[in-house]
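Engineer: Please find structure21.tsv (TSV, C-alpha atoms) on the next line:
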chain	number	residue	atom	x	y	z
Q	42	MET	CA	-12.68	20.71	-0.68
Q	43	ALA	CA	-10.22	18.22	-2.11
Q	44	ARG	CA	-10.76	14.56	-1.51
Q	45	LYS	CA	-8.31	12.81	0.79
Q	46	ILE	CA	-6.50	9.66	-0.32
Q	47	THR	CA	-5.86	7.00	2.32
Q	48	GLY	CA	-3.79	3.92	1.58
Q	49	SER	CA	-4.07	0.67	3.53
Q	50	LEU	CA	-1.66	-2.26	3.28
Q	51	PHE	CA	-1.25	-5.61	4.95
Q	52	VAL	CA	2.49	-6.21	5.14
Q	53	SER	CA	4.98	-8.69	6.60
Q	54	LEU	CA	7.98	-7.62	8.67
Q	55	ASP	CA	10.18	-8.02	5.59
Q	56	GLY	CA	7.89	-5.84	3.46
Q	57	VAL	CA	5.95	-8.49	1.50
Q	58	ILE	CA	2.41	-7.55	0.47
Q	59	GLN	CA	1.70	-10.31	-2.03
Q	60	ALA	CA	-1.53	-12.32	-1.76
Q	61	PRO	CA	-2.52	-11.78	1.88
Q	62	GLY	CA	-6.12	-12.78	1.23
Q	63	GLY	CA	-6.06	-16.26	-0.28
Q	64	PRO	CA	-3.94	-19.04	-1.80
Q	65	THR	CA	-5.03	-18.30	-5.39
Q	66	GLU	CA	-5.01	-14.50	-5.11
Q	67	ASP	CA	-1.57	-13.96	-6.66
Q	68	PRO	CA	0.65	-17.06	-7.03
Q	69	THR	CA	2.95	-15.38	-9.57
Q	70	ASN	CA	6.68	-16.14	-9.29
Q	71	ASP	CA	5.74	-19.35	-7.43
Q	72	PHE	CA	4.60	-17.49	-4.31
Q	73	ASP	CA	3.17	-20.25	-2.12
Q	74	GLU	CA	2.21	-18.39	1.06
Q	75	GLY	CA	-1.01	-16.92	-0.31
Q	76	GLY	CA	-3.58	-16.28	2.38
Q	77	TRP	CA	-0.97	-15.50	5.05
Q	78	LEU	CA	-3.30	-12.88	6.53
Q	79	PHE	CA	-5.75	-15.60	7.53
Q	80	LYS	CA	-3.05	-18.00	8.61
Q	81	LEU	CA	-2.25	-15.32	11.19
Q	82	ALA	CA	-5.85	-14.33	11.93
Q	83	ASP	CA	-5.93	-11.32	14.26
Q	84	ASP	CA	-9.25	-9.84	15.32
Q	85	GLY	CA	-7.33	-6.93	16.82
Q	86	VAL	CA	-7.13	-5.20	13.43
Q	87	ASN	CA	-10.90	-5.21	12.92
Q	88	GLN	CA	-11.34	-1.85	14.64
Q	89	THR	CA	-9.17	-0.13	12.06
Q	90	LEU	CA	-10.77	-1.94	9.12
Q	91	GLY	CA	-14.25	-1.15	10.42
Q	92	GLU	CA	-13.43	2.55	10.69
Q	93	LEU	CA	-11.74	2.58	7.29
Q	94	PHE	CA	-14.57	0.91	5.39
Q	95	GLY	CA	-17.46	2.04	7.56
Q	96	GLY	CA	-18.22	5.34	5.85
Q	97	GLU	CA	-18.69	6.65	2.33
Q	98	TYR	CA	-15.73	6.30	-0.02
Q	99	ASP	CA	-14.56	5.55	-3.52
Q	100	LEU	CA	-11.76	3.13	-4.33
Q	101	LEU	CA	-8.47	3.90	-6.06
Q	102	LEU	CA	-6.85	0.69	-7.26
Q	103	GLY	CA	-4.02	-0.68	-9.35
Q	104	ARG	CA	-5.04	-2.92	-12.23
Q	105	ARG	CA	-4.12	-6.25	-10.64
Q	106	THR	CA	-5.87	-5.49	-7.35
Q	107	TYR	CA	-8.87	-4.37	-9.38
Q	108	ASP	CA	-8.89	-7.71	-11.23
Q	109	ILE	CA	-8.70	-9.60	-7.93
Q	110	PHE	CA	-11.53	-7.56	-6.41
Q	111	ALA	CA	-13.72	-7.71	-9.55
Q	112	ALA	CA	-13.50	-11.51	-9.64
Q	113	TYR	CA	-14.45	-11.87	-5.97
Q	114	TRP	CA	-16.50	-9.10	-4.39
Q	115	PRO	CA	-19.49	-8.96	-6.79
Q	116	TYR	CA	-20.06	-12.68	-6.21
Q	117	VAL	CA	-19.32	-13.11	-2.50
Q	118	GLU	CA	-22.06	-14.52	-0.28
Q	119	GLY	CA	-22.60	-14.86	3.43
Q	120	PRO	CA	-21.27	-12.40	6.01
Q	121	GLU	CA	-19.12	-10.56	3.44
Q	122	ALA	CA	-21.98	-9.92	1.01
Q	123	ALA	CA	-22.72	-6.48	2.46
Q	124	LEU	CA	-19.13	-5.32	1.91
Q	125	GLY	CA	-19.24	-6.79	-1.58
Q	126	LYS	CA	-22.30	-4.67	-2.38
Q	127	THR	CA	-20.63	-1.58	-0.92
Q	128	PHE	CA	-17.59	-2.15	-3.13
Q	129	SER	CA	-19.81	-2.71	-6.18
Q	130	ASP	CA	-21.78	0.48	-5.51
Q	131	ALA	CA	-18.63	2.57	-4.95
Q	132	HIS	CA	-16.88	4.23	-7.85
Q	133	LYS	CA	-13.67	2.41	-8.61
Q	134	TYR	CA	-10.85	4.39	-10.20
Q	135	VAL	CA	-8.27	2.09	-11.77
Q	136	LEU	CA	-4.78	3.38	-12.46
Q	137	THR	CA	-3.62	1.40	-15.47
Q	138	GLY	CA	-1.73	1.67	-18.73
Q	139	SER	CA	-3.83	-1.13	-20.24
Q	140	ASN	CA	-6.85	-0.69	-22.49
Q	141	ALA	CA	-8.39	-3.95	-21.27
Q	142	PRO	CA	-12.07	-3.65	-20.32
Q	143	LEU	CA	-13.12	-2.75	-16.79
Q	144	PRO	CA	-16.24	-4.92	-16.47
Q	145	TRP	CA	-17.22	-4.21	-12.85
Q	146	GLU	CA	-19.95	-1.57	-12.59
Q	147	ASN	CA	-18.93	1.96	-11.64
Q	148	SER	CA	-15.35	1.45	-12.84
Q	149	HIS	CA	-13.29	4.25	-14.39
Q	150	ARG	CA	-9.86	4.22	-16.02
Q	151	LEU	CA	-7.04	6.57	-14.99
Q	152	THR	CA	-3.87	6.61	-17.06
Q	153	GLY	CA	-1.46	8.58	-14.86
Q	154	MET	CA	-0.86	10.62	-11.75
Q	155	GLU	CA	-2.07	13.77	-13.48
Q	156	GLU	CA	-5.54	12.25	-13.69
Q	157	VAL	CA	-5.31	11.10	-10.07
Q	158	ALA	CA	-4.50	14.69	-9.08
Q	159	LYS	CA	-7.56	15.95	-10.98
Q	160	LEU	CA	-9.72	13.29	-9.33
Q	161	LYS	CA	-8.43	14.33	-5.91
Q	162	GLU	CA	-9.52	17.92	-6.57
Q	163	SER	CA	-12.99	16.90	-7.78
Q	164	GLU	CA	-16.20	16.67	-5.77
Q	165	GLY	CA	-16.92	13.36	-4.13
Q	166	PRO	CA	-16.10	11.14	-1.18
Q	167	ASP	CA	-12.58	10.41	-0.02
Q	168	LEU	CA	-10.60	7.69	-1.77
Q	169	ILE	CA	-9.24	4.46	-0.28
Q	170	VAL	CA	-6.35	2.54	-1.80
Q	171	GLN	CA	-6.45	-1.10	-0.73
Q	172	GLY	CA	-3.54	-3.31	-1.74
Q	173	SER	CA	-2.33	-1.94	-5.09
Q	174	GLY	CA	1.30	-1.75	-3.99
Q	175	SER	CA	2.54	-0.74	-7.43
Q	176	ILE	CA	0.87	2.69	-7.31
Q	177	TYR	CA	2.35	3.89	-4.01
Q	178	PRO	CA	5.67	5.14	-5.41
Q	179	GLY	CA	3.75	7.36	-7.83
Q	180	LEU	CA	1.32	8.62	-5.19
Q	181	LEU	CA	4.09	9.43	-2.75
Q	182	GLY	CA	6.28	10.98	-5.43
Q	183	ALA	CA	3.45	13.24	-6.55
Q	184	GLY	CA	2.51	14.20	-2.99
Q	185	LEU	CA	-1.01	12.83	-3.39
Q	186	LEU	CA	-1.20	10.42	-0.45
Q	187	ASP	CA	-2.75	11.99	2.67
Q	188	ARG	CA	-2.57	9.02	5.02
Q	189	LEU	CA	-0.94	5.60	5.01
Q	190	ILE	CA	-2.10	2.75	7.23
Q	191	LEU	CA	0.41	-0.08	7.54
Q	192	ILE	CA	-0.88	-3.24	9.21
Q	193	THR	CA	2.34	-5.13	9.89
Q	194	TYR	CA	2.04	-8.76	10.93
Q	195	PRO	CA	4.76	-10.46	12.99
Q	196	VAL	CA	5.88	-12.77	10.19
Q	197	ILE	CA	8.80	-13.02	7.78
Q	198	LEU	CA	7.74	-14.42	4.40
Q	199	GLY	CA	11.17	-14.36	2.79
Q	200	ARG	CA	10.00	-13.74	-0.75
Q	201	GLY	CA	7.16	-12.10	-2.60
Q	202	LYS	CA	6.27	-8.68	-3.94
Q	203	ARG	CA	7.29	-5.71	-1.82
Q	204	TRP	CA	5.24	-2.54	-1.67
Q	205	PHE	CA	8.22	-0.31	-2.45
Q	206	GLY	CA	9.05	-1.98	-5.73
Q	207	ALA	CA	10.29	1.20	-7.41
Q	208	GLU	CA	12.63	4.00	-6.41
Q	209	ILE	CA	11.10	7.19	-5.02
Q	210	GLN	CA	12.53	10.36	-3.58
Q	211	ALA	CA	13.58	10.10	0.07
Q	212	ARG	CA	11.02	11.63	2.42
Q	213	GLN	CA	9.79	11.56	5.99
Q	214	LEU	CA	6.47	10.29	7.30
Q	215	ALA	CA	4.99	11.32	10.63
Q	216	MET	CA	3.17	8.73	12.73
Q	217	SER	CA	-0.31	10.01	13.57
Q	218	ASP	CA	-1.67	6.98	15.42
Q	219	HIS	CA	-0.68	3.44	16.33
Q	220	TYR	CA	-1.54	0.43	18.42
Q	221	VAL	CA	-0.32	-3.12	18.85
Q	222	THR	CA	-2.80	-6.00	18.97
Q	223	ASP	CA	-2.62	-8.80	21.50
Q	224	LYS	CA	-1.10	-11.00	18.79
Q	225	GLY	CA	1.65	-8.50	18.02
Q	226	THR	CA	0.31	-6.94	14.82
Q	227	ILE	CA	1.33	-3.29	14.53
Q	228	VAL	CA	-1.33	-0.97	13.13
Q	229	ALA	CA	0.29	2.38	12.38
Q	230	SER	CA	-1.04	5.44	10.55
Q	231	TYR	CA	1.29	7.92	8.90
Q	232	VAL	CA	0.88	11.33	7.29
Q	233	PRO	CA	3.35	13.17	5.03
Q	234	GLY	CA	6.32	14.56	6.93
Q	235	GLY	CA	8.27	16.46	4.29
Q	236	ASP	CA	11.75	16.03	2.87
Q	237	LEU	CA	14.64	14.68	4.90
Q	238	PRO	CA	16.68	17.43	6.59
Q	239	PRO	CA	20.36	17.93	5.67
Q	240	TYR	CA	23.07	15.98	7.47
Q	241	PRO	CA	23.64	17.73	10.83
Q	242	ALA	CA	26.76	19.85	11.13
Q	243	ASP	CA	27.47	18.41	14.58
Q	244	ALA	CA	27.03	14.75	13.54
Q	245	LEU	CA	29.85	12.25	13.09
Q	246	LYS	CA	32.41	13.38	10.51
Q	247	PRO	CA	33.77	10.96	7.88
Q	248	SER	CA	37.06	9.33	8.82
Q	249	THR	CA	40.24	10.69	7.27
Q	250	SER	CA	42.25	7.53	7.98
Q	251	GLY	CA	44.25	5.78	5.32
Q	252	ARG	CA	42.08	2.71	5.68
Q	253	GLU	CA	38.98	4.77	5.00
Q	254	ALA	CA	40.64	6.35	1.95
Q	255	ASP	CA	41.43	2.84	0.69
Q	256	ARG	CA	37.83	1.74	1.32
Q	257	GLN	CA	36.44	4.72	-0.57
Q	258	ALA	CA	38.78	3.96	-3.50
Q	259	ARG	CA	37.49	0.38	-3.59
Q	260	ILE	CA	33.91	1.65	-3.52
Q	261	ALA	CA	34.67	3.93	-6.48
Q	262	ASN	CA	36.25	1.19	-8.59
Q	263	GLY	CA	33.63	-1.43	-7.70
Q	264	THR	CA	35.87	-3.81	-5.76
Q	265	TRP	CA	34.48	-3.22	-2.27
Output the file's structure in the form of structure tokens.

Structural biologist:
Amino acid sequence: MARKITGSLFVSLDGVIQAPGGPTEDPTNDFDEGGWLFKLADDGVNQTLGELFGGEYDLLLGRRTYDIFAAYWPYVEGPEAALGKTFSDAHKYVLTGSNAPLPWENSHRLTGMEEVAKLKESEGPDLIVQGSGSIYPGLLGAGLLDRLILITYPVILGRGKRWFGAEIQARQLAMSDHYVTDKGTIVASYVPGGDLPPYPADALKPSTSGREADRQARIANGTW
């Protein structure tokens, strides 16, 4: 049986995913709101996180998220030490075009979606993508993502890296589960929903007015 791939992202209302976990996590491009997840602490999401990371799994990560995790989780102490050990023991598959070393134990390099597809068909536990926004366009485009969990906080960050940073083919997602915490965080799970249907024959027809013809002409010549 093929492994399932589940993605999980903390995201703002305006689509920012950069550095939710701490002020030094990813300050690139002068992003100064690092740690926004904890600025908006919401225990209401713990149920989902507990279910997601409570079983057996391997991790599928982008290179930068891997670097962040490798510098933190093997060394964490206190209440998070148990999760740090779980992450260290899990196999970590890193999708990267770099030949830089992967020093964290149980780490494996993947160079493209073809290798991700082979991994998905192999024996082993299901795979969790945490963070790693740069790999989602490829996963979605290749039809490899089985479930997407978006944890959307009621905040607008204004700038920062978005999780859809590259163009992908238009497609539908179907919501499979959702709830809203007492603090207004939306936790929604989605599964693939197929391609978008064609424009309905009985929907609004384009205007044939002279003004619309003029507007279309301006669109075509780049003056609109």

Engineer: So the first atom is atom CA of Glu162 of chain Q and the second is atom CA of Val52 of chain Q; what is the distance between them in Å, to one decimal place?

Structural biologist: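 Between atom CA of Glu162 of chain Q and atom CA of Val52 of chain Q the gap works out to 29.4 Å.
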
Engineer: Find the residue from Q:Tyr113, Q:Tyr231, Q:Trp77, Q:Trp265 that sits nearest to Arg188 of chain Q; use all atoms listed in the file when measuring.

Structural biologist: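 Comparing Q:Tyr113, Q:Tyr231, Q:Trp77, Q:Trp265 against Arg188 of chain Q, the winner is Q:Tyr231.
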
Engineer: One decimal, Å: what's the distance from atom CA of Asp73 of chain Q over to atom CA of Leu100 of chain Q, could you say?

Structural biologist: 27.8 Å

Engineer: Rank Q:Ile227, Q:Val221, Q:Leu102, Q:Leu185 by their smallest atom-to-atom distance to Leu151 of chain Q, using all atoms listed in the file, and report the top residue only.

Structural biologist: Q:Leu102

Engineer: Hey, what's within 12 Å of Asn140 of chain Q if we count all atoms listed in the file and toss same-chain stuff fewer than 4 positions away? As a list of chain:residue names, please?

Structural biologist: Q:Arg104, Q:Val135, Q:Leu136, Q:Pro144, Q:His149, Q:Arg150, Q:Leu151, Q:Thr152

Engineer: Which is closest to Val196 of chain Q among Q:Val170, Q:Leu54, Q:Ala229, Q:Ala122, if we use only C-alpha atoms?

Structural biologist: Q:Leu54

Engineer: Quick one: distance from atom CA of Ala183 of chain Q to atom CA of Leu237 of chain Q in Å, one decimal?

Structural biologist: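 Between atom CA of Ala183 of chain Q and atom CA of Leu237 of chain Q the gap works out to 16.1 Å.
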
Engineer: Do a neighbour search on Ala43 of chain Q at 12 Å with only C-alpha atoms, toss out local chain neighbours closer than 3 positions, and write the hits as a PyMOL selection string.

Structural biologist: chain Q and resi 46+157-168+185+187

Engineer: Can you work out which one of Q:Val228, Q:Val117, Q:Leu101, Q:Leu90 has the shortest atom-to-atom distance to Leu186 of chain Q, counting only C-alpha atoms?

Structural biologist: Q:Leu101

Engineer: Quick one: residues within 9 Å of Ile209 of chain Q, all atoms listed in the file, excluding same-chain residues fewer than 4 positions away - as JSON, numbers by chain?

Structural biologist: {"Q": [178, 179, 181, 182, 205]}
